[in-house]
Every structure is written in structure tokens, then in C-alpha cells.
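Enquirer: Structure supplied as model_33.csv; contents: CSV, C-alpha atoms and all ligand atoms.
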chain,number,residue,atom,x,y,z
A,237,MET,CA,-99.0,127.1,119.9
A,238,MET,CA,-95.5,128.6,120.1
A,239,ARG,CA,-93.9,125.4,118.9
A,240,ILE,CA,-96.1,125.2,115.8
A,241,TYR,CA,-95.4,128.8,114.9
A,242,LYS,CA,-91.7,128.1,115.4
A,243,ILE,CA,-91.9,125.3,112.7
A,244,PHE,CA,-92.9,127.9,110.1
A,245,THR,CA,-90.5,130.6,111.2
A,246,ASP,CA,-87.5,128.3,111.4
A,247,ARG,CA,-86.1,128.4,107.8
A,248,LYS,CA,-84.8,124.8,107.8
A,249,ARG,CA,-88.0,123.4,109.1
A,250,ARG,CA,-90.1,125.5,106.7
A,251,LEU,CA,-88.1,124.0,103.8
A,252,PHE,CA,-88.6,120.5,105.3
A,253,PHE,CA,-92.4,121.0,104.8
A,254,LEU,CA,-92.6,123.2,101.8
A,255,VAL,CA,-90.5,121.0,99.4
A,256,PRO,CA,-92.7,117.9,99.7
A,257,ALA,CA,-95.8,120.0,99.6
A,258,LEU,CA,-94.6,121.6,96.4
A,259,ALA,CA,-93.7,118.2,95.0
A,260,ILE,CA,-97.2,116.8,95.8
A,261,PHE,CA,-98.8,119.9,94.2
A,262,THR,CA,-96.8,119.6,91.0
A,263,TRP,CA,-97.6,115.9,90.8
A,264,LEU,CA,-101.3,116.7,91.2
A,265,VAL,CA,-101.2,119.3,88.4
A,266,VAL,CA,-99.4,116.9,86.0
A,267,GLN,CA,-102.0,114.2,86.8
A,268,LYS,CA,-104.8,116.6,86.1
A,269,ILE,CA,-103.2,117.6,82.7
A,270,LEU,CA,-102.8,113.9,81.8
A,271,THR,CA,-106.4,113.2,82.7
A,272,ILE,CA,-107.6,116.0,80.4
A,273,VAL,CA,-105.3,114.9,77.6
A,274,TYR,CA,-106.3,111.2,77.9
A,275,ALA,CA,-110.0,112.2,78.2
A,276,GLN,CA,-109.8,113.7,74.8
A,277,ASP,CA,-108.5,110.5,73.3
A,278,MET,CA,-110.9,108.3,75.2
A,279,PRO,CA,-114.0,108.2,73.0
A,280,GLU,CA,-112.2,106.7,70.0
A,281,GLU,CA,-110.1,104.4,72.0
A,282,SER,CA,-112.6,102.9,74.4
A,283,GLY,CA,-115.6,103.0,72.1
A,284,VAL,CA,-119.1,103.3,73.5
A,285,ILE,CA,-120.3,100.3,75.5
A,286,ILE,CA,-123.9,99.5,74.5
A,287,SER,CA,-126.0,98.0,77.1
A,288,GLU,CA,-128.8,95.5,76.2
A,289,MET,CA,-131.3,98.3,77.0
A,290,ASP,CA,-129.9,100.6,74.4
A,291,TRP,CA,-129.6,97.9,71.8
A,292,PRO,CA,-132.8,98.5,69.8
A,293,GLU,CA,-131.9,102.1,69.3
A,294,THR,CA,-128.4,101.2,68.4
A,295,ILE,CA,-129.2,98.5,65.8
A,296,MET,CA,-131.8,100.8,64.2
A,297,LYS,CA,-129.2,103.6,63.9
A,298,VAL,CA,-126.6,101.2,62.6
A,299,LEU,CA,-128.9,100.0,59.8
A,300,SER,CA,-129.9,103.6,59.0
A,301,ALA,CA,-126.2,104.5,58.7
A,302,ALA,CA,-125.3,101.4,56.7
A,303,TYR,CA,-127.9,102.1,54.0
A,304,PRO,CA,-128.1,105.9,54.0
A,305,ASP,CA,-129.7,106.0,50.5
A,306,ARG,CA,-132.4,103.5,51.4
A,307,ILE,CA,-133.2,104.0,55.1
A,308,GLY,CA,-134.4,107.3,56.7
A,309,PRO,CA,-133.3,108.7,60.1
A,310,VAL,CA,-134.3,106.8,63.3
A,311,GLU,CA,-137.2,108.1,65.4
A,312,PHE,CA,-138.8,107.0,68.6
A,313,ARG,CA,-142.5,106.8,67.8
A,314,ASN,CA,-145.5,104.8,69.0
A,315,ASP,CA,-143.3,103.4,71.9
A,316,ASP,CA,-140.7,101.9,69.6
A,317,TRP,CA,-137.7,102.8,67.5
A,318,ALA,CA,-138.5,103.2,63.9
A,319,PHE,CA,-137.2,104.4,60.5
A,320,THR,CA,-138.7,104.7,57.0
A,321,ILE,CA,-137.7,102.6,54.0
A,322,GLY,CA,-139.2,104.4,51.0
A,323,GLU,CA,-142.5,105.8,52.3
A,324,LYS,CA,-143.1,102.9,54.8
A,325,TRP,CA,-142.4,103.0,58.5
A,326,PHE,CA,-140.5,100.0,60.0
A,327,TYR,CA,-140.4,99.3,63.7
A,328,TYR,CA,-137.8,97.4,65.8
A,329,ALA,CA,-140.6,95.2,67.2
A,330,ASP,CA,-138.4,93.1,69.5
A,331,GLY,CA,-135.8,92.4,66.8
A,332,ARG,CA,-138.4,91.5,64.1
A,333,PHE,CA,-138.1,94.7,62.1
A,334,LEU,CA,-141.8,94.8,61.2
A,335,PRO,CA,-143.8,97.3,59.0
A,336,GLU,CA,-146.2,99.5,60.9
A,337,GLU,CA,-149.3,97.3,60.2
A,338,LEU,CA,-147.6,94.3,61.8
A,339,LYS,CA,-145.9,96.1,64.6
A,340,ASP,CA,-147.9,94.4,67.3
A,341,ALA,CA,-147.7,90.9,65.8
A,342,ALA,CA,-144.1,90.3,66.9
A,343,GLU,CA,-144.9,87.0,68.5
A,344,ASP,CA,-145.9,85.5,65.1
A,345,TYR,CA,-142.3,86.1,63.8
A,346,ARG,CA,-138.8,85.1,64.8
A,347,ALA,CA,-136.3,87.7,65.8
A,348,MET,CA,-133.8,88.5,63.1
A,349,GLY,CA,-130.2,87.8,64.1
A,350,PHE,CA,-127.4,90.3,63.1
A,351,ASN,CA,-123.9,89.0,63.3
A,352,PHE,CA,-121.9,91.5,65.3
A,353,ASN,CA,-118.8,89.3,65.6
A,354,TYR,CA,-117.6,89.1,62.0
A,355,PRO,CA,-113.9,88.6,62.5
A,356,GLN,CA,-111.2,90.9,61.1
A,357,GLU,CA,-108.9,88.0,60.4
A,358,LEU,CA,-109.7,84.4,59.6
A,359,PRO,CA,-109.7,82.8,63.1
A,360,ALA,CA,-107.1,80.2,63.9
A,361,TRP,CA,-108.4,76.9,62.5
A,362,GLU,CA,-107.9,74.7,65.5
A,363,SER,CA,-110.1,76.6,67.8
A,364,THR,CA,-112.8,77.0,65.2
A,365,ALA,CA,-112.9,73.3,64.6
A,366,GLU,CA,-113.2,72.5,68.3
A,367,GLN,CA,-115.9,75.1,68.8
A,368,ARG,CA,-117.6,73.8,65.8
A,369,ALA,CA,-117.5,70.2,67.1
A,370,ALA,CA,-119.0,71.3,70.4
A,371,ARG,CA,-121.7,73.2,68.6
A,372,THR,CA,-122.5,70.4,66.2
A,373,LEU,CA,-122.9,68.0,69.0
A,374,SER,CA,-125.2,70.3,70.9
A,375,ALA,CA,-127.2,71.0,67.7
A,376,GLU,CA,-127.6,67.2,67.3
A,377,GLU,CA,-128.7,66.9,70.9
A,378,GLY,CA,-131.2,69.7,70.3
A,379,ARG,CA,-132.6,67.9,67.2
A,380,ARG,CA,-133.0,64.6,69.2
A,381,ILE,CA,-134.9,66.5,71.9
A,382,ARG,CA,-137.1,68.2,69.4
A,383,GLN,CA,-137.8,64.9,67.7
A,384,THR,CA,-139.0,63.3,70.9
A,385,GLN,CA,-141.5,66.2,71.4
A,386,THR,CA,-144.6,65.0,69.5
A,387,GLN,CA,-146.5,68.2,70.1
A,388,PRO,CA,-144.7,71.5,69.6
A,389,ALA,CA,-145.6,74.1,72.2
A,390,ARG,CA,-146.8,76.4,69.4
A,391,PRO,CA,-146.3,76.5,65.6
A,392,ALA,CA,-142.9,77.6,64.5
A,393,ALA,CA,-142.7,81.4,64.1
A,394,ARG,CA,-142.1,82.6,60.6
A,395,ARG,CA,-138.8,84.3,59.6
A,396,PRO,CA,-139.7,87.9,58.9
A,397,LEU,CA,-138.5,88.9,55.4
A,398,PHE,CA,-140.2,92.3,55.4
A,399,PHE,CA,-137.0,94.3,56.2
A,400,PHE,CA,-134.8,92.9,53.4
A,401,GLU,CA,-137.7,92.9,50.9
A,402,ALA,CA,-138.3,96.6,51.6
A,403,LEU,CA,-134.6,97.4,51.6
A,404,TRP,CA,-134.1,95.9,48.2
A,405,ASN,CA,-137.6,96.6,46.9
A,406,ILE,CA,-138.2,93.0,46.2
A,407,SER,CA,-141.1,90.6,47.2
A,408,SER,CA,-141.5,88.3,44.2
A,409,ARG,CA,-139.3,86.6,41.6
A,410,ASP,CA,-140.5,88.9,38.8
A,411,GLN,CA,-140.0,92.1,40.9
A,412,ALA,CA,-136.5,90.8,41.8
A,413,TRP,CA,-135.5,90.4,38.2
A,414,GLU,CA,-136.6,94.0,37.4
A,415,GLN,CA,-134.1,95.2,40.0
A,416,GLN,CA,-131.1,93.5,38.5
A,417,SER,CA,-128.4,95.0,36.3
A,418,GLN,CA,-126.3,92.9,33.9
A,419,ILE,CA,-122.6,93.8,34.2
A,420,ASP,CA,-119.3,92.4,33.2
A,421,PHE,CA,-117.3,91.1,36.2
A,422,LEU,CA,-113.8,89.9,35.7
A,423,GLY,CA,-114.7,88.7,32.2
A,424,HIS,CA,-117.9,87.0,33.2
A,425,SER,CA,-121.5,88.2,32.9
A,426,LEU,CA,-123.2,88.9,36.2
A,427,SER,CA,-126.7,89.8,37.3
A,428,ILE,CA,-126.6,91.9,40.4
A,429,HIS,CA,-129.0,94.4,42.1
A,430,SER,CA,-128.7,97.7,40.4
A,431,GLY,CA,-128.2,99.4,43.9
A,432,ILE,CA,-124.8,97.8,44.1
A,433,SER,CA,-123.8,97.4,40.5
A,434,GLN,CA,-121.5,100.5,40.5
A,435,THR,CA,-119.8,99.1,43.6
A,436,MET,CA,-119.2,95.8,41.8
A,437,ILE,CA,-117.7,97.6,38.8
A,438,LEU,CA,-115.3,99.4,41.2
A,439,ILE,CA,-114.4,96.0,42.9
A,440,ASP,CA,-113.7,94.6,39.4
A,441,GLU,CA,-111.4,97.5,38.6
A,442,ILE,CA,-109.4,97.1,41.9
A,443,ILE,CA,-109.0,93.3,41.6
A,444,THR,CA,-107.9,93.7,38.0
A,445,ASN,CA,-105.3,96.2,39.1
A,446,GLU,CA,-104.1,93.9,41.9
A,447,SER,CA,-103.7,91.1,39.3
A,448,LYS,CA,-101.0,93.2,37.6
A,449,THR,CA,-98.7,92.9,40.7
A,450,SER,CA,-100.0,89.7,42.3
A,451,PRO,CA,-99.5,86.4,40.4
A,452,ALA,CA,-102.0,84.7,42.9
A,453,VAL,CA,-104.8,87.1,41.9
A,454,ARG,CA,-103.9,86.8,38.2
A,455,GLN,CA,-104.1,83.0,38.4
A,456,TRP,CA,-107.3,83.2,40.4
A,457,ILE,CA,-109.0,85.3,37.7
A,458,ASP,CA,-107.7,83.0,35.0
A,459,ASN,CA,-109.2,80.0,36.8
A,460,LEU,CA,-112.5,81.6,37.6
A,461,GLY,CA,-115.2,79.3,36.2
A,462,THR,CA,-118.5,80.5,37.8
A,463,VAL,CA,-119.5,84.0,38.6
A,464,ALA,CA,-123.1,83.9,40.0
A,465,GLY,CA,-125.1,86.7,41.4
A,466,TRP,CA,-128.9,87.0,41.3
A,467,ASN,CA,-130.6,83.6,41.7
A,468,TRP,CA,-134.2,83.4,43.1
A,469,ARG,CA,-133.9,80.8,45.9
A,470,SER,CA,-136.8,80.8,48.2
A,471,VAL,CA,-138.1,78.0,50.4
A,472,ALA,CA,-141.6,79.2,51.1
A,473,SER,CA,-142.3,76.8,54.0
A,474,SER,CA,-139.2,77.7,56.0
A,475,GLY,CA,-139.2,81.3,55.1
A,476,ASN,CA,-135.5,80.9,54.2
A,477,ARG,CA,-134.4,83.1,51.5
A,478,SER,CA,-130.8,83.4,50.3
A,479,MET,CA,-129.3,86.9,49.8
A,480,HIS,CA,-128.8,85.7,46.1
A,481,SER,CA,-132.6,86.2,45.7
A,482,TYR,CA,-132.2,89.9,46.2
A,483,GLY,CA,-129.1,90.1,44.0
A,484,ILE,CA,-126.8,91.3,46.8
A,485,ALA,CA,-124.6,88.1,47.0
A,486,ILE,CA,-122.1,86.7,44.5
A,487,ASP,CA,-120.5,83.2,44.3
A,488,LEU,CA,-117.0,83.0,42.8
A,489,LEU,CA,-115.9,79.4,41.9
A,490,PRO,CA,-112.8,78.1,40.1
A,491,LYS,CA,-113.2,76.0,37.0
A,492,ASN,CA,-111.9,73.1,39.0
A,493,LEU,CA,-112.1,72.8,42.8
A,494,GLY,CA,-109.4,70.1,42.7
A,495,GLY,CA,-111.0,68.2,45.7
A,496,LEU,CA,-111.1,71.3,47.9
A,497,ALA,CA,-114.2,72.0,50.1
A,498,THR,CA,-116.1,75.2,49.5
A,499,TYR,CA,-119.7,74.9,50.8
A,500,TRP,CA,-120.3,73.0,54.1
A,501,LEU,CA,-123.6,71.5,52.9
A,502,TRP,CA,-122.0,70.0,49.8
A,503,THR,CA,-119.2,68.6,51.9
A,504,ALA,CA,-121.6,67.3,54.5
A,505,ARG,CA,-123.2,65.0,52.0
A,506,ASP,CA,-120.5,62.5,52.3
A,507,ASN,CA,-118.4,63.9,55.2
A,508,PRO,CA,-120.2,64.1,58.5
A,509,GLN,CA,-117.1,65.9,59.8
A,510,TRP,CA,-117.3,68.7,57.3
A,511,TRP,CA,-116.3,71.2,60.0
A,512,ASN,CA,-113.1,69.3,60.5
A,513,ILE,CA,-111.6,70.2,57.1
A,514,PRO,CA,-108.6,72.5,57.7
A,515,TYR,CA,-108.3,75.7,55.7
A,516,SER,CA,-105.7,74.0,53.5
A,517,GLY,CA,-108.4,71.6,52.4
A,518,ARG,CA,-110.8,74.4,51.5
A,519,TYR,CA,-110.9,76.6,48.4
A,520,HIS,CA,-110.1,80.2,49.5
A,521,PRO,CA,-109.9,83.2,47.1
A,522,PRO,CA,-106.6,85.2,47.5
A,523,ASP,CA,-106.4,87.4,50.6
A,524,GLU,CA,-106.3,90.5,48.3
A,525,VAL,CA,-109.7,89.6,46.8
A,526,ILE,CA,-111.3,89.0,50.2
A,527,ARG,CA,-109.9,92.3,51.6
A,528,THR,CA,-111.2,94.2,48.6
A,529,PHE,CA,-114.7,92.8,48.9
A,530,GLU,CA,-114.7,93.5,52.7
A,531,SER,CA,-113.5,97.1,52.2
A,532,PHE,CA,-116.7,97.7,50.2
A,533,GLY,CA,-119.0,96.2,52.8
A,534,PHE,CA,-119.2,92.6,51.6
A,535,ILE,CA,-118.8,89.8,54.1
A,536,TRP,CA,-117.1,86.6,53.0
A,537,GLY,CA,-118.7,83.2,53.8
A,538,GLY,CA,-115.3,81.6,54.4
A,539,LYS,CA,-115.3,83.2,57.9
A,540,TRP,CA,-118.5,81.5,58.9
A,541,GLY,CA,-118.6,78.3,61.0
A,542,ASN,CA,-121.0,76.9,58.3
A,543,TYR,CA,-118.4,77.9,55.7
A,544,ASP,CA,-119.3,79.0,52.2
A,545,THR,CA,-116.0,80.0,50.8
A,546,MET,CA,-117.2,81.0,47.3
A,547,HIS,CA,-119.8,83.4,48.7
A,548,PHE,CA,-119.6,87.2,49.3
A,549,GLU,CA,-122.7,89.2,50.3
A,550,TYR,CA,-123.3,93.0,50.7
A,551,ARG,CA,-123.9,93.6,54.4
A,552,PRO,CA,-122.3,96.9,55.4
A,553,GLU,CA,-124.1,96.9,58.7
A,554,ILE,CA,-122.0,93.9,59.9
A,555,PHE,CA,-118.8,96.0,59.6
A,556,ILE,CA,-120.3,98.8,61.7
A,557,LEU,CA,-121.7,96.3,64.3
A,558,ARG,CA,-118.4,94.5,64.8
A,559,ASN,CA,-116.9,97.8,66.2
A,560,ILE,CA,-119.6,98.3,68.8
A,561,PRO,CA,-118.8,96.6,72.1
A,562,ARG,CA,-121.8,95.2,73.9
A,563,THR,CA,-122.3,94.5,77.6
B,601,ZN,ZN,-123.6,82.2,47.6
Translate the structure of the given file into C-alpha cells.
Expert:
Amino acid sequence: MMRIYKIFTDRKRRLFFLVPALAIFTWLVVQKILTIVYAQDMPEESGVIISEMDWPETIMKVLSAAYPDRIGPVEFRNDDWAFTIGEKWFYYADGRFLPEELKDAAEDYRAMGFNFNYPQELPAWESTAEQRAARTLSAEEGRRIRQTQTQPARPAARRPLFFFEALWNISSRDQAWEQQSQIDFLGHSLSIHSGISQTMILIDEIITNESKTSPAVRQWIDNLGTVAGWNWRSVASSGNRSMHSYGIAIDLLPKNLGGLATYWLWTARDNPQWWNIPYSGRYHPPDEVIRTFESFGFIWGGKWGNYDTMHFEYRPEIFILRNIPRT
């Protein structure tokens, strides 16, 4: 007991213990401050990790945020996530996005896929080509397997069109036409959904401005041959409907492609290795044009595996989705 007491009374020994103790204390205080400072920065930096379980709520909120003028706030009602489009309630319904009266018929429909991996930059071509080759092979295998099955397990589920039909207030060709505005776009006439016509006019102004300093944009505008927006394309049997049918997609083609590939399906007619065409062999609008469209919520088809380099479509939700990390 005496010896321990002596340690603290002896000045030299007291310093021997106090200096490291003070150093440790200071280090702990600094660490604490750093933790607080970093914690404040964390939410933006790390993002919110969405688990599969929270996904229905998240995707509904993303859609509501992407189309604030058209979709109401998200609510949990009747055991599912829901929002209104106009007066009508729409439910998540296992990814089918069904109106209230069909809420319990999810099995009759296919789930709707939303791309949450739209790339910021055009991916390096080599890796895209390899992945594409692997996917094409497995798709061919899948087709072979399906062909050998004489009796499908159950009839193919239909693709649900209710969500986009309600969103753009379109369910027939005539109704679609009534929703379109005729505008001038880079010197060409364009039929586009009136809900995005003001956005298109703004894009036209920005691209025209860019052409004053960028010879590539100037040349691209001068060579524009086709500017095509609304076009009712609906394959009733498959339920496939192009976004052109709603008037929210636009194709921009030069007068002469000069042998360049633009739409994978056109190329695939006489080139089974359509995916193997390098970017230099494809028609690409200037980067400034692609960036301008993207900044207004338009995705560009040139970034798709099944490329469609003339195609832009208004999908603001895709730009929100790509920033949400999923587990
Ligand atoms: Zn198109």
C-alpha cells in the first residue's frame, strides 16, 4: 500500500504516469471530435443502403419524386405501398404497379423492370462486348430450352401497361394523339407529349447555344435528317409498347449513317455479331448532346447492351435510381 502511494507522491514517477495518461485522453478527445465531424458528412457520402425488403417503398417513392406533377405522395394502405395518378390508386403489387381493382391479380402480369444501373459514362467497349457475348449465348441457350418444352407451365404473363398508360394519360392511339404537342426541334417538326414539350424546347435552346462554340454539334445539327417523336407502336400480343407510343421518346438520325450501326435490331438482320461492333462503328451523337438530354432526365439508348444510339427517352426515375445503392 505504501509503495503504491509512493508512486503518486514521488514527482518523477507521477509524471511518468500522468504524461501518457494525458496523451491518451487527448487522443480520445480528438477521435471523438473527428467522429462527430465525419458523422455529419456521412449521409451524403455513403448514401442509404436499401435492403430488398425496403425496395417496394423506395421504388414507389422514387417514382413519386420523379414525376411530382403526375404522381401523388406514397402511402401504405391495404397492406401495400400505393400512390395516386390522377384520381386513381396504384399499388406496388409485387413490382406490377397495378390499379386498385387489379391489385390482387399480380400473378397474371409480369413484374416491371426498372434499370437502376444506367451508367454515368459510356462503359469501356471491350468489357461490354464480352458481357454481351456471354449474355447472347445464354439467351440462345434459353431459347433452345424453351423450344424443347412443348407445354409451357402456364400461359405467359402479360406485361402490365397500366402504370405508363396512367402516367401519360394514354390507353389508345387516338387518346395518345390528343396528348401530343407539335413543336419545332432543331429546325425539324416534332410531335411530343405536351407534358414534356417545354423541356424539349429548353433542350433545343441549349443545344443550339452549344453549336455556336462546338463545331461537332454544329455539324451534327446540319446533318440531322430524321427527328421522330410520337409514333404509335404497339404489339398487342406481346404487350410490348415503345415509349414512342406515349410521345416521351425521340429518335435523332443523320441524313446519312455512312455505314455506321445505330439500332441493334437493324444491324442484327445481316450481322449475327451485332453486339461486337465497336463504338467507332456506331453512330453516336456528340457528347454535349447526350449530356444535355441526360441533364433533363432523358436516358440515351447508346448506353444499352441492345443499343439504339438514335434514341432518347424521358425517364427521370432512372437517374434517381442509379444513385441508390442496393444490398
Ligand atoms: Zn426510338
Enquirer: Between A:Arg469, A:Arg477, A:Lys297, A:Arg395, which is the closest to Glu311 of chain A once you count all atoms listed in the file?
Expert: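 Checking each of A:Arg469, A:Arg477, A:Lys297, A:Arg395 against Glu311 of chain A, counting all atoms listed in the file, the winner is A:Lys297.
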Enquirer: Could you tell me how far atom CA of Asn405 of chain A lies from atom CA of Tyr482 of chain A, in Å and to one decimal?
Expert: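 Result for atom CA of Asn405 of chain A versus atom CA of Tyr482 of chain A: 8.6 Å, one decimal.
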Enquirer: Counting only C-alpha atoms, which residues in segment 462-561 of chain A sit no more than 9 Å from segment 412-421 of chain A? For each one, give the nearest pair of atoms and the distance in Å, sorted by chain then residue number, as JSON lines.
Expert:
{"residue": "A:Val463", "atom": "CA", "partner": "A:Phe421", "partner_atom": "CA", "distance": 7.8}
{"residue": "A:Trp466", "atom": "CA", "partner": "A:Gln416", "partner_atom": "CA", "distance": 7.4}
{"residue": "A:Trp468", "atom": "CA", "partner": "A:Ala412", "partner_atom": "CA", "distance": 7.9}
{"residue": "A:Ser481", "atom": "CA", "partner": "A:Ala412", "partner_atom": "CA", "distance": 7.2}
{"residue": "A:Tyr482", "atom": "CA", "partner": "A:Ala412", "partner_atom": "CA", "distance": 6.2}
{"residue": "A:Gly483", "atom": "CA", "partner": "A:Gln416", "partner_atom": "CA", "distance": 6.8}
Enquirer: Neighbours of segment 440-448 of chain A within 9 Å (all atoms listed in the file; same-chain residues fewer than 5 positions away dropped), as a short mmCIF file (atom, residue, chain, number, x, y, z; two decimals) with C-alpha atoms, in the frame of the given file?
Expert:
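Output file result_7.cif is given in full below:
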data_model
loop_
_atom_site.label_atom_id
_atom_site.label_comp_id
_atom_site.auth_asym_id
_atom_site.auth_seq_id
_atom_site.Cartn_x
_atom_site.Cartn_y
_atom_site.Cartn_z
CA ASP A 420 -119.30 92.40 33.20
CA PHE A 421 -117.30 91.10 36.20
CA LEU A 422 -113.80 89.90 35.70
CA THR A 435 -119.80 99.10 43.60
CA VAL A 453 -104.80 87.10 41.90
CA ARG A 454 -103.90 86.80 38.20
CA GLN A 455 -104.10 83.00 38.40
CA TRP A 456 -107.30 83.20 40.40
CA ILE A 457 -109.00 85.30 37.70
CA GLU A 524 -106.30 90.50 48.30
CA VAL A 525 -109.70 89.60 46.80
CA THR A 528 -111.20 94.20 48.60
#
Enquirer: Could you check the closest approach to ligand ZN 601 (chain B) for each of A:Leu496, A:Ile437, A:Ile560, A:Ala464 and tell me which residue wins, using only C-alpha atoms and all ligand atoms?
Expert: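 That would be A:Ala464, the residue with the smallest distance to ligand ZN 601 (chain B).
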Enquirer: May I have the residues within 12 Å of ligand ZN 601 (chain B), computed using only C-alpha atoms and all ligand atoms, as a ChimeraX atom specification?
Expert: /A:462-469,477-489,498-501,534-538,543-550
Enquirer: Could you please determine the separation between atom CA of Trp511 of chain A and atom CA of Ile556 of chain A in Å, to one decimal place?
Expert: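 Atom CA of Ile556 of chain A lies at a distance of 27.9 Å from atom CA of Trp511 of chain A.
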Enquirer: Atom CA of Ser531 of chain A and atom CA of Pro309 of chain A are how many Å apart?
Expert: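 If I compute the distance from atom CA of Ser531 of chain A to atom CA of Pro309 of chain A, I get 24.3 Å.
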Enquirer: So which one's closest to Arg313 of chain A, A:His429, A:Glu343, A:Val298, A:Ala329? Using only C-alpha atoms, please.
Expert: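 Nearest to Arg313 of chain A: A:Ala329.
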Enquirer: Which residue out of A:Gln356, A:Asn351, A:Ser427, A:Thr294 has the minimum interatomic distance to Phe312 of chain A when all atoms listed in the file are used?
Expert: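 Result for the nearest residue to Phe312 of chain A: A:Thr294.
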Enquirer: Using only C-alpha atoms, which of the listed residues (A:Ala360, A:Leu397, A:Ile428, A:Ile554) sits closest to Phe333 of chain A?
Expert: A:Leu397
Enquirer: Taking into account all atoms listed in the file, which residue in the set A:Pro561, A:Tyr303, A:Glu336, A:Asp410 is nearest to Trp291 of chain A?
Expert: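 Ranking A:Pro561, A:Tyr303, A:Glu336, A:Asp410 by distance to Trp291 of chain A, first place goes to A:Pro561.
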Enquirer: Which neighbours of Ala301 of chain A fall inside 10 Å, counting all atoms listed in the file, when residues of the same chain fewer than 4 positions from it are skipped, and could you give them as a PyMOL selection string?
Expert: chain A and resi 295-297+305-310+552-553+556
